[in-house]
Amino acid sequence: MKNKVLKICNAMIHPGEIASLALPMPEIFNCTPMYMPIKVVHGKQAGPCVLVIAAVHGDELNGMEIVNRLLSLSMMKNLHGTLIAIPVFNVYGFITRSRYLADGLELDRYFPGSETGSHASRLAHLFTKEILSMADYCIDIRTGAINHSNFPKIYIDTTNERTKELAEAFRAPVICNVSAEKNSLRETANFNKIPYMVYEAGEALRFDEHAIKIGVRGVANVLRKLKMLPEAHKQQKKAAKPFFTVQYLWVRASKSGVSYSKTKLGQWVKKGEQLTVIKDPVGTTEPSAVCAPCDGIIVDKNNLPVVHEGESLFQIAIFHEMEKAADHFEDWHATSI
């Protein structure tokens with residue numbers, strides 16, 4: 001079946017066209033115009049509309065690169081349906097190397113937004129009305145916070161079977177069952193019955209080539225699952241099956257000081273195993289060991305040596321089949337790319 005003409009942001013896009021659009025954003029105090037970049041691939045044949053967004057927090061660079069590499073794939077010319085891709089959602093945060101908007105607020109706390117609300121709320125409202133309303137599915141690409149490296153993982157609500165199927169098709173190593181936070185973009189998508197997944201990997205303000213490659217391949221896998229892209233012509237190396245977490249928890253600094261850790265992302269640790277030692281930088285107090293509170297896999301690591309008491313150091317994910325999961329993550333880099 002032939003696709004129909006698409007109207008988005010007052011632009012008419014015909015089947016087979018690839019368009020670059022710019023959505024005007026709420027003004028900042030110096031009246032400098034700012035625009036959200038939007039790429040639209042509108043296939044000749046009918047199909048679902050998938051929204052891929054990156055840099056909801058402006059300092060998340062991996063997603064921008066994943067979107068741009070995805071759009072450069074030659075197979076996108078054979079797309080069925082529509083792909084709406086936003087390489088940089090939070091343009092102001094991207095410019096200032098920050099996760100926040102011009103008003104100091106975090107965008108992902110103000111959805112679905114309000115036409116007369118705060119700066120963040122107005123942007124959320126504009127996006128919900130003009131872009132999110134077009135989508136049948138949504139993939140949100142994020143990274144860890146500044147100085148935090150994240151093992152590649154998917155966040156979904158596993159009670160939604162359709163979302164669960166697509167998350168498995170993505171083939172990230174870890175899938176986490178995480179509820180949507182109040183007033184988040186994900187909660188708004190859920191309210192509008194739009195299957196929504198978050199791919200999170202790497203660290204803010206850094207490119208992580210491994211995370212980027214998994215992300216590009218993962219989004220393409222989802223598009224194939226939705227019959228929007230043709231199957232690969234050549235036999236691809238089969239990615240390892242993802243593992244679902246049972247739960248995860250944070251390990252925090254027991255004292256302030258300098259953290260000396262050799263623990264790596266994807267490493268299996270056992271209960272009581274030493275994760276790091278925190279030492280007094282001037283040597284006036286005894287070192288303090290921080291140990292794993294349970295068996296699990298390290299899926300988030302704080303890379304900053306100088307830490308404050310209570311600061312998050314590691315995130316440990318717990319799985320049903322721990323030994324299988326450990327073997328799986330140990331050789332993930334060698335088998336997944």
# chains A, B, ... in the order shown; residues from 1 in each chain; ligands from 1
>>> residues_around(residues="segment 172-183 of chain A", least_positions_apart="4", cutoff="6 Å", atoms="only C-alpha atoms", output="list in words")
Arg109, Tyr110, Phe111, Lys153, Ile154, Tyr155, Ile156, Asp157, Thr158, Glu187, Pro242, Phe243, Phe244 and Thr245 of chain A
>>> select_by_dssp(residues="segment 141-247 of chain A", states="strand (DSSP E or B)", output="VMD selection string")
chain A and resid 141 to 142 148 to 156 174 to 177 196 to 202 243 to 247
>>> residues_around(residues="Leu73 of chain A", least_positions_apart="4", cutoff="12 Å", atoms="only C-alpha atoms", output="list in words")
Val41, Ile66, Val67, Asn68, Arg69, Lys77, Asn78, Leu79, Val216, Arg217, Val219, Ala220 and Leu229 of chain A
>>> atom_distance(atom1="atom CA of Ala325 of chain A", atom2="atom CA of Pro195 of chain A")
26.6 Å
>>> select_by_dssp(residues="segment 138-301 of chain A", states="alpha helix (DSSP H)", output="ChimeraX atom specification")
/A:161-170,185-191,209-225
>>> residues_around(residues="Leu275 of chain A", least_positions_apart="4", cutoff="9 Å", atoms="only C-alpha atoms", output="list in words")
Tyr260, Ser261, Lys262, Thr263, Val269, Ala289, Val290, Cys291, Ala292 and Phe314 of chain A
>>> atom_distance(atom1="atom CA of Glu115 of chain A", atom2="atom CA of Ile38 of chain A")
20.8 Å
>>> atom_distance(atom1="atom CA of Val251 of chain A", atom2="atom CA of Gly310 of chain A")
8.8 Å
>>> residues_around(residues="Ala11 of chain A", least_positions_apart="5", cutoff="10 Å", atoms="only C-alpha atoms", output="mmCIF file with C-alpha atoms, in the first residue's frame")
data_model
loop_
_atom_site.group_PDB
_atom_site.id
_atom_site.type_symbol
_atom_site.label_atom_id
_atom_site.label_comp_id
_atom_site.auth_asym_id
_atom_site.auth_seq_id
_atom_site.Cartn_x
_atom_site.Cartn_y
_atom_site.Cartn_z
ATOM 1 C CA LEU A 6 2.567 13.601 5.807
ATOM 2 C CA ALA A 19 13.164 16.120 4.848
ATOM 3 C CA LEU A 21 12.835 20.447 9.452
#
>>> residues_around(residues="Met64 of chain A", least_positions_apart="2", cutoff="10 Å", atoms="only C-alpha atoms", output="list in words")
Ile53, Ala54, Ala55, Gly58, Glu60, Leu61, Asn62, Ile66, Val67, Asn68, Arg69, Leu70, Ala85, Ile86, Pro87, Val88, Phe89, Ile141, Arg142, Phe207 and Ile212 of chain A
>>> write_last_selection(atoms="N, CA and C atoms", output="CSV table (one decimal), in the first residue's frame")
chain,number,residue,atom,x,y,z
A,53,ILE,N,14.5,9.7,19.4
A,53,ILE,CA,14.9,11.0,19.9
A,53,ILE,C,16.2,10.8,20.7
A,54,ALA,N,17.0,11.8,20.7
A,54,ALA,CA,18.3,11.8,21.4
A,54,ALA,C,18.5,13.1,22.1
A,55,ALA,N,19.4,13.1,23.1
A,55,ALA,CA,19.8,14.3,23.9
A,55,ALA,C,18.6,15.0,24.5
A,58,GLY,N,20.8,17.6,27.3
A,58,GLY,CA,21.6,18.1,26.2
A,58,GLY,C,23.0,17.6,26.2
A,60,GLU,N,24.0,14.5,26.3
A,60,GLU,CA,24.1,13.1,25.9
A,60,GLU,C,24.4,13.0,24.4
A,61,LEU,N,25.7,12.7,24.2
A,61,LEU,CA,26.2,12.8,22.8
A,61,LEU,C,26.0,11.5,22.0
A,62,ASN,N,26.0,10.4,22.7
A,62,ASN,CA,26.0,9.1,22.0
A,62,ASN,C,24.7,9.0,21.1
A,66,ILE,N,24.2,8.2,17.1
A,66,ILE,CA,23.5,7.0,16.7
A,66,ILE,C,22.4,7.5,15.6
A,67,VAL,N,21.7,8.5,15.9
A,67,VAL,CA,20.7,9.0,15.0
A,67,VAL,C,21.3,9.4,13.6
A,68,ASN,N,22.4,10.1,13.6
A,68,ASN,CA,23.1,10.5,12.4
A,68,ASN,C,23.6,9.3,11.6
A,69,ARG,N,24.2,8.3,12.3
A,69,ARG,CA,24.6,7.1,11.6
A,69,ARG,C,23.5,6.3,11.0
A,70,LEU,N,22.4,6.3,11.8
A,70,LEU,CA,21.2,5.5,11.3
A,70,LEU,C,20.7,6.1,10.0
A,85,ALA,N,13.3,11.4,13.3
A,85,ALA,CA,14.5,11.3,14.1
A,85,ALA,C,14.9,12.7,14.6
A,86,ILE,N,15.2,12.8,15.9
A,86,ILE,CA,15.6,14.1,16.5
A,86,ILE,C,17.0,13.9,17.1
A,87,PRO,N,18.0,14.3,16.4
A,87,PRO,CA,19.4,14.1,16.9
A,87,PRO,C,19.7,14.9,18.2
A,88,VAL,N,19.1,16.1,18.3
A,88,VAL,CA,19.3,16.9,19.5
A,88,VAL,C,18.0,17.5,20.0
A,89,PHE,N,17.4,16.9,21.0
A,89,PHE,CA,16.2,17.4,21.6
A,89,PHE,C,16.4,18.7,22.4
A,141,ILE,N,17.1,7.6,23.2
A,141,ILE,CA,18.5,7.2,23.4
A,141,ILE,C,19.1,8.2,24.4
A,142,ARG,N,19.7,7.6,25.5
A,142,ARG,CA,20.3,8.4,26.5
A,142,ARG,C,21.7,7.8,26.9
A,207,PHE,N,31.8,10.3,23.6
A,207,PHE,CA,31.4,9.3,22.6
A,207,PHE,C,31.9,7.9,23.1
A,212,ILE,N,27.6,3.2,20.7
A,212,ILE,CA,27.0,3.7,19.5
A,212,ILE,C,26.7,2.6,18.5
>>> residues_around(residues="Thr143 of chain A", least_positions_apart="3", cutoff="10 Å", atoms="only C-alpha atoms", output="list of chain:residue names")
A:Ala54, A:Ala55, A:His57, A:Asp59, A:Glu60, A:Leu61, A:Asn62, A:Gly63, A:Ile146, A:His148, A:Ser149, A:Asn150, A:Phe151, A:Pro152, A:Lys153, A:Val198, A:Tyr199, A:Glu200, A:Ala201, A:Gly202, A:Glu203, A:Ala204, A:Leu205, A:Arg206, A:Phe207, A:Asp208, A:Ala211
